[in-house]
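Next up, target-v6.txt (compact mmCIF, C-alpha atoms):
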# COMPACT_ATOMS: atom_id res chain seq x y z
CA MET S 1 -129.81 43.03 -49.49
CA GLY S 2 -131.25 40.34 -47.23
CA SER S 3 -129.77 37.03 -48.31
CA GLY S 4 -128.31 38.52 -51.47
CA GLY S 5 -124.85 39.75 -52.33
CA LEU S 6 -124.25 41.86 -49.23
CA SER S 7 -124.97 39.02 -46.83
CA ARG S 8 -122.68 36.77 -48.86
CA ARG S 9 -119.92 39.37 -48.62
CA ARG S 10 -120.42 39.61 -44.84
CA PHE S 11 -120.22 35.81 -44.65
CA VAL S 12 -117.07 35.85 -46.72
CA GLY S 13 -115.56 38.75 -44.78
CA THR S 14 -116.19 37.11 -41.43
CA LEU S 15 -114.52 33.93 -42.59
CA ALA S 16 -111.56 35.75 -44.09
CA GLY S 17 -111.14 37.89 -41.02
CA SER S 18 -110.68 34.76 -38.95
CA ALA S 19 -107.57 33.87 -40.93
CA ALA S 20 -114.93 31.40 -47.74
CA GLY S 21 -116.59 20.91 -63.42
CA VAL S 22 -113.26 23.79 -63.23
CA THR S 23 -112.59 21.70 -66.22
CA VAL S 24 -108.99 22.22 -67.28
CA PRO S 25 -107.67 21.17 -70.71
CA ALA S 26 -104.83 18.69 -70.86
CA ALA S 27 -101.42 20.20 -70.24
CA THR S 28 -99.84 20.97 -73.62
CA GLY S 29 -97.66 23.91 -72.74
CA CYS S 30 -98.45 27.37 -71.42
CA ASP S 31 -97.66 30.92 -72.43
CA ASP S 32 -96.95 31.90 -68.81
CA ALA S 33 -93.41 30.58 -68.38
CA PRO S 34 -92.73 29.23 -64.88
CA ALA S 35 -90.23 31.13 -62.76
CA PRO S 36 -87.25 29.36 -61.16
CA ALA S 37 -88.12 27.53 -57.96
CA ASP S 38 -87.52 29.46 -54.76
CA THR S 39 -85.19 27.52 -52.46
CA ALA S 40 -86.85 28.57 -49.21
CA ALA S 41 -90.32 27.82 -50.53
CA SER S 42 -89.13 24.45 -51.78
CA GLU S 43 -87.76 23.52 -48.38
CA ALA S 44 -90.93 24.67 -46.65
CA THR S 45 -93.10 22.37 -48.75
CA THR S 46 -90.99 19.24 -48.99
CA PRO S 47 -93.46 16.39 -49.56
CA GLN S 48 -93.87 13.65 -47.00
CA THR S 49 -94.46 10.94 -49.58
CA ARG S 50 -93.25 10.07 -53.05
CA PRO S 51 -95.33 8.73 -55.96
CA SER S 52 -94.50 5.48 -57.65
CA ALA S 53 -91.94 5.21 -60.47
CA GLN S 54 -94.80 4.40 -62.82
CA THR S 55 -96.55 7.64 -61.91
CA GLU S 56 -93.35 9.64 -62.25
CA SER S 57 -92.62 8.20 -65.70
CA ARG S 58 -95.85 9.48 -67.22
CA LYS S 59 -96.00 12.85 -65.52
CA PRO S 60 -95.03 16.03 -67.41
CA SER S 61 -91.58 17.29 -66.59
CA GLY S 62 -90.78 20.71 -65.19
CA PRO S 63 -92.89 23.08 -63.09
CA ARG S 64 -96.46 23.79 -64.20
CA PRO S 65 -98.44 27.05 -63.79
CA LEU S 66 -100.93 27.49 -60.96
CA TYR S 67 -103.28 30.46 -60.56
CA LEU S 68 -104.91 31.38 -57.26
CA GLY S 69 -108.15 33.24 -56.60
CA THR S 70 -108.71 35.43 -53.55
CA TYR S 71 -110.68 38.37 -52.17
CA THR S 72 -108.94 41.74 -52.36
CA SER S 73 -111.51 43.65 -50.28
CA VAL S 74 -111.41 41.61 -47.04
CA GLU S 75 -108.96 41.59 -44.17
CA GLY S 76 -105.96 39.42 -44.97
CA GLY S 77 -106.92 39.10 -48.62
CA GLY S 78 -104.66 39.22 -51.64
CA THR S 79 -103.84 41.99 -54.11
CA GLY S 80 -104.94 40.19 -57.26
CA ILE S 81 -104.68 36.79 -58.94
CA GLY S 82 -101.88 34.79 -57.34
CA ARG S 83 -99.27 33.24 -59.60
CA ALA S 84 -97.35 30.10 -58.70
CA THR S 85 -95.91 26.92 -60.13
CA TYR S 86 -96.23 23.34 -58.93
CA ASP S 87 -94.04 20.31 -59.38
CA PRO S 88 -96.18 17.72 -61.23
CA VAL S 89 -94.42 14.86 -59.44
CA THR S 90 -94.17 16.06 -55.83
CA GLY S 91 -96.97 18.64 -55.79
CA ARG S 92 -94.67 21.26 -54.28
CA ILE S 93 -95.94 24.82 -54.91
CA THR S 94 -93.66 27.84 -55.42
CA GLY S 95 -95.04 31.38 -55.51
CA THR S 96 -94.03 33.49 -58.51
CA GLY S 97 -95.98 36.74 -58.19
CA THR S 98 -99.38 38.39 -58.57
CA ILE S 99 -101.50 39.68 -61.44
CA THR S 100 -102.74 43.00 -60.06
CA GLY S 101 -105.58 45.16 -61.32
CA VAL S 102 -108.23 42.47 -60.80
CA ASP S 103 -110.66 43.06 -57.92
CA ASP S 104 -111.95 40.18 -55.81
CA PRO S 105 -111.03 37.40 -58.29
CA SER S 106 -112.75 34.63 -56.35
CA TYR S 107 -113.17 32.18 -59.23
CA LEU S 108 -111.00 31.53 -62.28
CA ALA S 109 -111.38 29.79 -65.64
CA LEU S 110 -109.10 29.19 -68.63
CA HIS S 111 -109.91 29.66 -72.32
CA PRO S 112 -109.63 26.42 -74.34
CA ASP S 113 -106.70 27.88 -76.30
CA ARG S 114 -104.89 28.45 -72.97
CA ARG S 115 -104.02 32.03 -73.84
CA THR S 116 -106.53 33.89 -71.67
CA LEU S 117 -107.52 33.64 -68.02
CA TYR S 118 -110.90 34.84 -66.79
CA ALA S 119 -111.92 35.90 -63.28
CA VAL S 120 -115.13 36.98 -61.64
CA ASN S 121 -115.05 40.23 -59.69
CA GLU S 122 -117.19 39.16 -56.75
CA ARG S 123 -118.49 42.54 -55.70
CA GLU S 124 -121.88 44.19 -55.34
CA ASP S 125 -121.39 45.69 -58.81
CA GLY S 126 -120.35 42.41 -60.37
CA ALA S 127 -118.02 42.01 -63.33
CA VAL S 128 -115.84 39.54 -65.20
CA THR S 129 -112.25 40.24 -66.24
CA ALA S 130 -109.99 38.83 -68.96
CA VAL S 131 -106.20 38.51 -68.57
CA ARG S 132 -103.80 37.65 -71.41
CA LEU S 133 -101.34 35.12 -70.04
CA ALA S 134 -98.45 35.78 -72.43
CA ASP S 135 -97.70 39.14 -70.82
CA ARG S 136 -100.28 39.09 -67.98
CA GLU S 137 -102.03 42.17 -69.38
CA VAL S 138 -105.54 42.82 -68.12
CA LEU S 139 -107.71 42.99 -71.24
CA GLY S 140 -110.61 44.70 -69.50
CA SER S 141 -113.75 43.93 -67.51
CA ARG S 142 -117.44 43.73 -68.33
CA SER S 143 -120.44 44.03 -66.05
CA THR S 144 -122.30 40.83 -65.28
CA GLY S 145 -125.51 42.78 -64.69
CA GLY S 146 -125.82 41.43 -61.16
CA ALA S 147 -124.30 41.25 -57.69
CA ALA S 148 -121.55 39.03 -56.30
CA PRO S 149 -120.72 36.82 -59.30
CA CYS S 150 -119.11 33.70 -57.81
CA HIS S 151 -118.57 31.34 -60.76
CA LEU S 152 -117.69 31.45 -64.43
CA SER S 153 -116.80 29.03 -67.21
CA VAL S 154 -115.85 29.18 -70.87
CA HIS S 155 -118.03 27.48 -73.44
CA PRO S 156 -116.06 24.74 -75.29
CA SER S 157 -116.32 26.78 -78.51
CA GLY S 158 -114.19 29.44 -76.84
CA ARG S 159 -116.64 32.12 -78.01
CA TRP S 160 -118.75 32.64 -74.90
CA LEU S 161 -118.14 33.28 -71.20
CA LEU S 162 -120.82 32.07 -68.77
CA SER S 163 -121.10 33.59 -65.29
CA ALA S 164 -123.37 33.24 -62.25
CA ASN S 165 -124.46 36.18 -60.07
CA TYR S 166 -124.99 34.84 -56.57
CA GLY S 167 -126.39 38.03 -55.05
CA THR S 168 -129.12 38.64 -57.60
CA GLY S 169 -129.74 35.07 -58.77
CA SER S 170 -128.99 35.58 -62.44
CA VAL S 171 -126.75 34.14 -65.15
CA ALA S 172 -124.95 36.12 -67.83
CA VAL S 173 -123.36 35.50 -71.21
CA HIS S 174 -120.49 37.52 -72.69
CA PRO S 175 -118.90 37.13 -76.14
CA ILE S 176 -115.18 36.42 -76.39
CA ASP S 177 -113.32 37.89 -79.36
CA ALA S 178 -110.29 36.48 -81.18
CA SER S 179 -107.90 38.20 -78.76
CA GLY S 180 -109.61 36.67 -75.73
CA ALA S 181 -111.14 39.97 -74.67
CA LEU S 182 -114.77 40.20 -73.61
CA GLY S 183 -117.57 42.01 -75.40
CA GLU S 184 -120.74 43.51 -73.99
CA ARG S 185 -123.14 41.08 -72.35
CA THR S 186 -125.48 39.33 -74.81
CA ASP S 187 -127.94 37.92 -72.27
CA LEU S 188 -128.93 38.03 -68.62
CA VAL S 189 -131.53 35.69 -67.13
CA THR S 190 -132.82 36.02 -63.57
CA HIS S 191 -134.20 32.95 -61.81
CA SER S 192 -137.59 34.43 -60.93
CA SER S 193 -139.24 31.04 -60.34
CA PRO S 194 -139.79 28.78 -58.53
CA ALA S 195 -140.11 30.56 -55.22
CA PRO S 196 -137.06 30.61 -52.94
CA GLY S 197 -136.51 27.57 -50.77
CA PRO S 198 -136.84 27.43 -46.96
CA GLY S 199 -134.67 30.07 -45.30
CA GLN S 200 -133.91 31.84 -48.59
CA GLU S 201 -135.09 35.32 -49.54
CA GLY S 202 -134.35 35.08 -53.22
CA PRO S 203 -132.50 33.21 -55.98
CA HIS S 204 -128.74 32.67 -55.66
CA ALA S 205 -127.10 31.42 -58.85
CA HIS S 206 -123.94 29.57 -57.80
CA GLN S 207 -122.62 27.94 -60.97
CA PHE S 208 -123.02 28.10 -64.76
CA ILE S 209 -121.44 25.33 -66.90
CA THR S 210 -121.69 23.55 -70.25
CA SER S 211 -122.73 19.90 -70.48
CA PRO S 212 -120.04 17.49 -71.73
CA ASP S 213 -121.86 17.03 -75.05
CA GLY S 214 -121.85 20.79 -75.54
CA GLY S 215 -125.56 20.89 -76.31
CA HIS S 216 -126.75 22.65 -73.16
CA VAL S 217 -125.65 24.99 -70.42
CA LEU S 218 -126.76 24.39 -66.83
CA ALA S 219 -127.16 26.84 -63.97
CA VAL S 220 -127.24 25.73 -60.34
CA ASP S 221 -129.26 28.01 -58.04
CA LEU S 222 -128.93 27.60 -54.28
CA GLY S 223 -131.80 29.98 -53.47
CA THR S 224 -134.49 28.29 -55.58
CA ASP S 225 -133.26 24.70 -55.04
CA THR S 226 -133.19 24.30 -58.81
CA VAL S 227 -130.85 23.36 -61.65
CA TYR S 228 -131.89 25.15 -64.86
CA THR S 229 -130.99 23.84 -68.32
CA TYR S 230 -130.69 26.28 -71.23
CA ARG S 231 -129.87 26.13 -74.89
CA LEU S 232 -127.25 28.68 -75.85
CA ASP S 233 -127.63 30.26 -79.28
CA LEU S 234 -124.04 30.05 -80.51
CA LYS S 235 -124.51 32.95 -82.94
CA ALA S 236 -126.46 35.40 -80.78
CA GLY S 237 -125.25 34.39 -77.32
CA THR S 238 -128.80 34.18 -75.97
CA LEU S 239 -130.36 31.64 -73.60
CA THR S 240 -133.58 29.64 -73.90
CA GLU S 241 -134.69 27.55 -70.94
CA VAL S 242 -135.52 23.95 -71.89
CA ALA S 243 -135.74 22.13 -68.54
CA ARG S 244 -135.39 22.50 -64.80
CA ALA S 245 -134.81 20.04 -61.98
CA GLN S 246 -135.62 20.70 -58.34
CA THR S 247 -133.82 19.29 -55.32
CA GLU S 248 -135.38 18.52 -51.97
CA PRO S 249 -136.74 21.76 -50.42
CA GLY S 250 -133.97 23.57 -48.58
CA ALA S 251 -131.15 21.46 -50.05
CA GLY S 252 -129.32 24.52 -51.32
CA PRO S 253 -127.61 23.08 -54.43
CA ARG S 254 -124.21 24.68 -54.97
CA HIS S 255 -122.08 22.83 -57.49
CA LEU S 256 -122.66 20.25 -60.26
CA THR S 257 -119.88 18.09 -61.70
CA PHE S 258 -120.28 15.73 -64.65
CA HIS S 259 -118.86 12.23 -64.89
CA PRO S 260 -116.51 11.87 -67.90
CA GLY S 261 -119.06 9.56 -69.53
CA GLY S 262 -121.44 12.50 -69.84
CA ARG S 263 -124.63 10.73 -68.72
CA TYR S 264 -124.39 11.34 -64.98
CA ALA S 265 -123.50 14.28 -62.77
CA TYR S 266 -123.00 14.83 -59.05
CA LEU S 267 -124.59 17.64 -57.08
CA ALA S 268 -123.25 19.11 -53.83
CA ASN S 269 -126.02 20.55 -51.64
CA GLU S 270 -124.61 23.21 -49.35
CA VAL S 271 -127.51 23.80 -46.97
CA ASP S 272 -128.74 20.30 -46.06
CA ASN S 273 -125.26 18.72 -46.15
CA THR S 274 -125.88 16.12 -48.86
CA VAL S 275 -124.81 15.02 -52.32
CA ALA S 276 -126.94 13.51 -55.08
CA VAL S 277 -126.32 11.53 -58.26
CA CYS S 278 -128.12 13.03 -61.26
CA ALA S 279 -128.97 11.41 -64.58
CA TYR S 280 -128.51 13.65 -67.63
CA ASP S 281 -130.27 13.27 -70.99
CA PRO S 282 -128.12 14.88 -73.73
CA GLY S 283 -131.05 14.94 -76.13
CA THR S 284 -133.36 17.05 -74.00
CA GLY S 285 -130.96 18.55 -71.49
CA ARG S 286 -133.12 17.22 -68.70
CA LEU S 287 -131.44 16.46 -65.38
CA THR S 288 -133.03 13.95 -62.99
CA ILE S 289 -131.84 14.36 -59.41
CA GLY S 290 -131.51 11.16 -57.39
CA GLU S 291 -131.74 10.46 -53.68
CA GLU S 292 -129.64 12.46 -51.25
CA GLN S 293 -126.51 10.81 -49.85
CA SER S 294 -124.11 11.37 -46.97
CA THR S 295 -121.12 13.69 -47.11
CA GLY S 296 -119.34 11.58 -44.51
CA THR S 297 -119.45 14.35 -41.91
CA GLY S 298 -122.19 13.13 -39.59
CA SER S 299 -125.11 15.25 -38.45
CA GLY S 300 -125.27 19.01 -38.79
CA THR S 301 -124.27 21.28 -41.63
CA SER S 302 -120.76 21.13 -43.02
CA TYR S 303 -121.33 23.41 -46.01
CA PRO S 304 -120.18 20.97 -48.71
CA ALA S 305 -118.66 23.05 -51.47
CA GLN S 306 -117.67 21.08 -54.53
CA LEU S 307 -117.38 17.59 -56.00
CA ILE S 308 -114.68 16.71 -58.52
CA VAL S 309 -114.22 13.47 -60.49
CA THR S 310 -110.95 11.88 -61.57
CA PRO S 311 -110.26 11.85 -65.33
CA ASN S 312 -110.64 8.06 -65.39
CA GLY S 313 -114.10 8.41 -63.86
CA ARG S 314 -113.39 6.01 -60.99
CA TYR S 315 -113.37 8.30 -57.95
CA ALA S 316 -114.97 11.50 -56.75
CA TYR S 317 -113.97 13.88 -53.98
CA LEU S 318 -116.07 16.35 -52.00
CA ALA S 319 -114.86 19.41 -50.07
CA ASN S 320 -116.53 19.57 -46.64
CA ARG S 321 -115.90 23.09 -45.37
CA GLY S 322 -117.24 22.90 -41.83
CA HIS S 323 -115.76 19.44 -41.27
CA ASN S 324 -112.45 20.46 -42.86
CA SER S 325 -112.27 17.19 -44.74
CA LEU S 326 -112.33 15.61 -48.16
CA ALA S 327 -114.82 12.79 -48.69
CA ARG S 328 -113.72 10.06 -51.10
CA TYR S 329 -116.32 8.21 -53.17
CA ALA S 330 -116.06 5.22 -55.46
CA VAL S 331 -117.88 5.88 -58.72
CA GLU S 332 -119.86 2.78 -59.59
CA ALA S 333 -122.11 1.45 -62.37
CA ASP S 334 -120.51 3.60 -65.08
CA GLY S 335 -121.24 6.73 -63.10
CA ALA S 336 -124.75 5.93 -61.86
CA ARG S 337 -123.76 5.44 -58.21
CA LEU S 338 -121.48 6.97 -55.60
CA GLY S 339 -120.19 4.83 -52.74
CA LEU S 340 -118.74 6.73 -49.79
CA LEU S 341 -115.34 5.27 -48.87
CA ASP S 342 -113.91 7.61 -46.23
CA THR S 343 -112.98 11.17 -45.32
CA VAL S 344 -109.50 12.59 -44.80
CA PRO S 345 -108.46 15.84 -43.06
CA VAL S 346 -107.82 18.63 -45.55
CA SER S 347 -104.95 20.05 -43.50
CA GLY S 348 -106.52 23.48 -43.65
CA ASP S 349 -109.59 25.45 -42.60
CA PHE S 350 -112.74 25.75 -44.76
CA PRO S 351 -111.88 24.11 -48.11
CA ARG S 352 -113.78 26.35 -50.52
CA GLN S 353 -112.78 24.80 -53.85
CA LEU S 354 -111.06 21.71 -55.28
CA ALA S 355 -109.20 21.06 -58.52
CA LEU S 356 -107.27 18.18 -60.04
CA SER S 357 -104.11 18.52 -62.09
CA PRO S 358 -104.78 17.78 -65.78
CA ASP S 359 -103.51 14.20 -65.41
CA GLY S 360 -105.55 13.66 -62.24
CA THR S 361 -102.61 12.69 -60.02
CA LEU S 362 -102.66 15.78 -57.80
CA LEU S 363 -105.59 17.31 -55.93
CA PHE S 364 -105.52 20.97 -54.85
CA ALA S 365 -107.75 22.29 -52.05
CA ALA S 366 -108.10 26.06 -51.56
CA ASN S 367 -108.66 26.65 -47.83
CA GLN S 368 -110.31 30.01 -47.28
CA ARG S 369 -110.04 30.53 -43.52
CA SER S 370 -106.48 29.25 -43.13
CA SER S 371 -105.27 31.07 -46.28
CA THR S 372 -103.57 27.95 -47.59
CA VAL S 373 -103.64 25.53 -50.50
CA SER S 374 -103.27 21.84 -49.61
CA VAL S 375 -101.96 19.44 -52.23
CA PHE S 376 -102.63 15.69 -52.20
CA LEU S 377 -101.12 12.86 -54.22
CA VAL S 378 -103.94 10.81 -55.78
CA ASP S 379 -103.47 7.06 -56.07
CA GLU S 380 -104.88 6.11 -59.46
CA GLU S 381 -105.87 2.59 -58.44
CA SER S 382 -107.36 3.14 -54.98
CA GLY S 383 -108.22 6.82 -55.16
CA GLU S 384 -106.52 7.30 -51.79
CA LEU S 385 -105.17 10.75 -50.96
CA ARG S 386 -101.79 11.46 -49.38
CA LEU S 387 -100.84 14.93 -48.25
CA ALA S 388 -97.89 16.26 -50.26
CA GLY S 389 -96.07 18.25 -47.61
CA GLU S 390 -97.05 21.40 -45.76
CA PRO S 391 -99.85 23.48 -47.29
CA PHE S 392 -98.82 26.51 -49.36
CA ALA S 393 -99.59 29.94 -47.87
CA SER S 394 -101.91 31.98 -50.12
CA PRO S 395 -103.99 34.92 -48.83
CA VAL S 396 -107.69 34.02 -48.41
CA ALA S 397 -107.37 31.14 -50.86
CA VAL S 398 -110.73 30.55 -52.52
CA CYS S 399 -109.73 29.06 -55.89
CA ALA S 400 -106.78 27.06 -57.23
CA LEU S 401 -106.44 26.51 -60.98
CA PRO S 402 -103.59 24.15 -61.96
CA LEU S 403 -102.64 24.02 -65.63
Just give me the structure as structure tokens.
Amino acid sequence: MGSGGLSRRRFVGTLAGSAAGVTVPAATGCDDAPAPADTAASEATTPQTRPSAQTESRKPSGPRPLYLGTYTSVEGGGTGIGRATYDPVTGRITGTGTITGVDDPSYLALHPDRRTLYAVNEREDGAVTAVRLADREVLGSRSTGGAAPCHLSVHPSGRWLLSANYGTGSVAVHPIDASGALGERTDLVTHSSPAPGPGQEGPHAHQFITSPDGGHVLAVDLGTDTVYTYRLDLKAGTLTEVARAQTEPGAGPRHLTFHPGGRYAYLANEVDNTVAVCAYDPGTGRLTIGEEQSTGTGSGTSYPAQLIVTPNGRYAYLANRGHNSLARYAVEADGARLGLLDTVPVSGDFPRQLALSPDGTLLFAANQRSSTVSVFLVDEESGELRLAGEPFASPVAVCALPL
């Protein structure tokens, strides 16, 4: 398929063989009850540092659920969605099992009511799957109408699932019923223009999210160097394009993350190894992409994967896969500027995805090549990261979703 789904799978398989904004609601309880901590696992991940008493006093007590995405069809991959818990104070992870019957669940998202988990099935015949968390029953899968879906998100209304087909450069919408199960696809839009960027043979949709104001949904396409803005008809589940923003030719935009203020967003460009601050107009949905900035990795391509922003909006972090580091940025001017502060080793190989705990005091990095998840303690004042013990072993870890 040229630079479509098959080449992505080969890229992923090669990486796995060598071992490839999630916005989470505040923690208010979970239907998936944590299992007792395993003594051996606890000893293996004893943290090297302890948070302050102030941090401990406002953290939730008891272990919290953590779900882990993987590839089931590559060497060394998992057998489904990994289940674990984490200590909200120390960051220690304890494995608790696997949700089987879900193929290649490389990206995960949670329903706003916290009762249903969704996963892409990143295969040539792409699909999305719903899992009820109360009893971990798989509620079924629906075709995405494209190849290699690599991202999905739930609309804030809880009624629609948005997914991005990397291989065929399209975005899909599925209805969600009262049980959390998925209905037949209501729309599928292929990014047929503009023409693919330098080195690309076609569109490659990499992300599909809702703006903070809820008025628009935005799709990031690596192949066409474009971020598309759509209006989603909340009754019919159909998409109407209202704006598009183009990056520098060959930038290869991968992932967009909004600042909590809702007027700015940050774009990670995978191919030309840059990030950019974007201004967002809630009224029109128009995104204006600013000048490219450094990822802190020097020259060459480091395949930056994802930017995340702390809940207080003061710091941002970028996963640099080739450099195996996390870049730390100060968020300035109410979100309008990013100032690179430093990079820290991720303590793993090829950090594919990042996530913050709901309170923003822990950062999780899913390291694809090393099949590990690194956990960092986040200093609220300085934004500094401190590794919380040895990374947790998880087969071909490509997504970590802490609840």
Q. Excluding same-chain residues fewer than 6 positions from stretch 227-234 of chain S, what lies within 9 Å of it counting only C-alpha atoms, as a PyMOL selection string?
A. chain S and resi 157+159-160+191+215-221+240-247+253+256+285-287
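If you count only C-alpha atoms and draw a sphere of 7 Å around (-108.3, 20.8, -55.6), the protein and nucleic acid residues inside it come out as Gln353, Leu354, Ala355, Leu356, Leu363, Phe364, Ala365, Ala366 and Ala400 of chain S.
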Atom CA of S:Arg114 sits from atom CA of S:Gly383 at a separation of 28.2 Å
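Residue nearest S:Ala127, chosen from S:Thr238, S:Ser73, S:Ser163, S:Thr96 and counting only C-alpha atoms: S:Ser163.
Picture a line from atom CA of S:Gly62 to atom CA of S:Thr94; it runs 12.4 Å.
The protein and nucleic acid residues lying at most 7 Å from stretch 294-306 of chain S are Arg254, His255, Ala268, Asn269, Glu270, Val271, Asp272, Asn273, Thr274, Val275, Leu318, Ala319, Asn320, Arg321, Gly322, His323, Ala327, Asp342, Thr343, Arg352, Gln353 and Leu354 of chain S, with all atoms listed in the file considered and sequence neighbours fewer than 6 positions away removed.
Computed from the coordinates, the atom CA of S:Gly389 to atom CA of S:Ile93 distance equals 9.8 Å.
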With all atoms listed in the file as the counted atoms, please give the residues lying no more than 6 Å from stretch 68-71 of chain S, apart from itself and same-chain residues fewer than 4 positions off, as a PyMOL selection string. chain S and resi 77-78+81-82+104-107+396-400
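For the residues S:Val189, S:Val378, S:Leu387, S:Ala164, ranking by smallest atom-to-atom distance to S:Thr310 using all atoms listed in the file places S:Val378 first.
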Given 5 Å on each side, where is the centre and what are the edge lengths in Å to one decimal of the axis-aligned box enclosing the listed atoms of stretch 214-224 of chain S, as lines of an AutoDock Vina configuration file?
center_x = -128.2
center_y = 25.4
center_z = -64.9
size_x = 22.6
size_y = 19.2
size_z = 32.8
| Please, which residues are within 12 Å of (-120.4, 8.3, -67.6) by the file's coordinates, counting only C-alpha atoms, and could they come as a PyMOL selection string? | chain S and resi 212-213+257-266+277-282+309-315+331-337
Residues within 9 Å of S:Val171, only C-alpha atoms, excluding chain neighbours under 3 positions, as a PDB file with C-alpha atoms, in the coordinates of the input:
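Result file follows (around_12.pdb):
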ATOM      1  CA  THR S 144    -122.300  40.830 -65.280  1.00  0.00           C
ATOM      2  CA  GLY S 145    -125.510  42.780 -64.690  1.00  0.00           C
ATOM      3  CA  GLY S 146    -125.820  41.430 -61.160  1.00  0.00           C
ATOM      4  CA  PRO S 149    -120.720  36.820 -59.300  1.00  0.00           C
ATOM      5  CA  LEU S 162    -120.820  32.070 -68.770  1.00  0.00           C
ATOM      6  CA  SER S 163    -121.100  33.590 -65.290  1.00  0.00           C
ATOM      7  CA  ALA S 164    -123.370  33.240 -62.250  1.00  0.00           C
ATOM      8  CA  ASN S 165    -124.460  36.180 -60.070  1.00  0.00           C
ATOM      9  CA  TYR S 166    -124.990  34.840 -56.570  1.00  0.00           C
ATOM     10  CA  ASP S 187    -127.940  37.920 -72.270  1.00  0.00           C
ATOM     11  CA  LEU S 188    -128.930  38.030 -68.620  1.00  0.00           C
ATOM     12  CA  VAL S 189    -131.530  35.690 -67.130  1.00  0.00           C
ATOM     13  CA  THR S 190    -132.820  36.020 -63.570  1.00  0.00           C
ATOM     14  CA  HIS S 191    -134.200  32.950 -61.810  1.00  0.00           C
ATOM     15  CA  ALA S 205    -127.100  31.420 -58.850  1.00  0.00           C
ATOM     16  CA  GLN S 207    -122.620  27.940 -60.970  1.00  0.00           C
ATOM     17  CA  PHE S 208    -123.020  28.100 -64.760  1.00  0.00           C
ATOM     18  CA  ALA S 219    -127.160  26.840 -63.970  1.00  0.00           C
TER      19      ALA S 219
END
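With distances restricted to all atoms listed in the file, S:Val375 is the closest residue to S:Pro345 from S:Ala109, S:Ile176, S:Ala316, S:Val375.
Remark: for S:Gly360, the closest of the candidate residues S:Gly339, S:Gly97, S:Pro88, S:Pro112 is S:Pro88 (distances computed over only C-alpha atoms).
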Of S:Ser211, S:Thr85, S:Ser141, S:Thr90, the one nearest to S:Asn121 when counting only C-alpha atoms is S:Ser141
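Nearest residue to S:Tyr67 among S:Thr361, S:Ser394, S:Thr210, S:Ser370 is S:Ser394, counting only C-alpha atoms.
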Residue neighbourhood S:Val138, 12 Å, only C-alpha atoms, exclusion window fewer than 2 positions, as a PDB file with C-alpha atoms, in the coordinates of the input:
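Full text of result.pdb as output:
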ATOM      1  CA  GLY S  80    -104.940  40.190 -57.260  1.00  0.00           C
ATOM      2  CA  ILE S  81    -104.680  36.790 -58.940  1.00  0.00           C
ATOM      3  CA  ILE S  99    -101.500  39.680 -61.440  1.00  0.00           C
ATOM      4  CA  THR S 100    -102.740  43.000 -60.060  1.00  0.00           C
ATOM      5  CA  GLY S 101    -105.580  45.160 -61.320  1.00  0.00           C
ATOM      6  CA  VAL S 102    -108.230  42.470 -60.800  1.00  0.00           C
ATOM      7  CA  ASP S 103    -110.660  43.060 -57.920  1.00  0.00           C
ATOM      8  CA  THR S 116    -106.530  33.890 -71.670  1.00  0.00           C
ATOM      9  CA  LEU S 117    -107.520  33.640 -68.020  1.00  0.00           C
ATOM     10  CA  TYR S 118    -110.900  34.840 -66.790  1.00  0.00           C
ATOM     11  CA  ALA S 119    -111.920  35.900 -63.280  1.00  0.00           C
ATOM     12  CA  VAL S 128    -115.840  39.540 -65.200  1.00  0.00           C
ATOM     13  CA  THR S 129    -112.250  40.240 -66.240  1.00  0.00           C
ATOM     14  CA  ALA S 130    -109.990  38.830 -68.960  1.00  0.00           C
ATOM     15  CA  VAL S 131    -106.200  38.510 -68.570  1.00  0.00           C
ATOM     16  CA  ARG S 132    -103.800  37.650 -71.410  1.00  0.00           C
ATOM     17  CA  LEU S 133    -101.340  35.120 -70.040  1.00  0.00           C
ATOM     18  CA  ALA S 134     -98.450  35.780 -72.430  1.00  0.00           C
ATOM     19  CA  ASP S 135     -97.700  39.140 -70.820  1.00  0.00           C
ATOM     20  CA  ARG S 136    -100.280  39.090 -67.980  1.00  0.00           C
ATOM     21  CA  GLY S 140    -110.610  44.700 -69.500  1.00  0.00           C
ATOM     22  CA  SER S 141    -113.750  43.930 -67.510  1.00  0.00           C
ATOM     23  CA  ARG S 142    -117.440  43.730 -68.330  1.00  0.00           C
ATOM     24  CA  SER S 179    -107.900  38.200 -78.760  1.00  0.00           C
ATOM     25  CA  GLY S 180    -109.610  36.670 -75.730  1.00  0.00           C
ATOM     26  CA  ALA S 181    -111.140  39.970 -74.670  1.00  0.00           C
ATOM     27  CA  LEU S 182    -114.770  40.200 -73.610  1.00  0.00           C
TER      28      LEU S 182
END
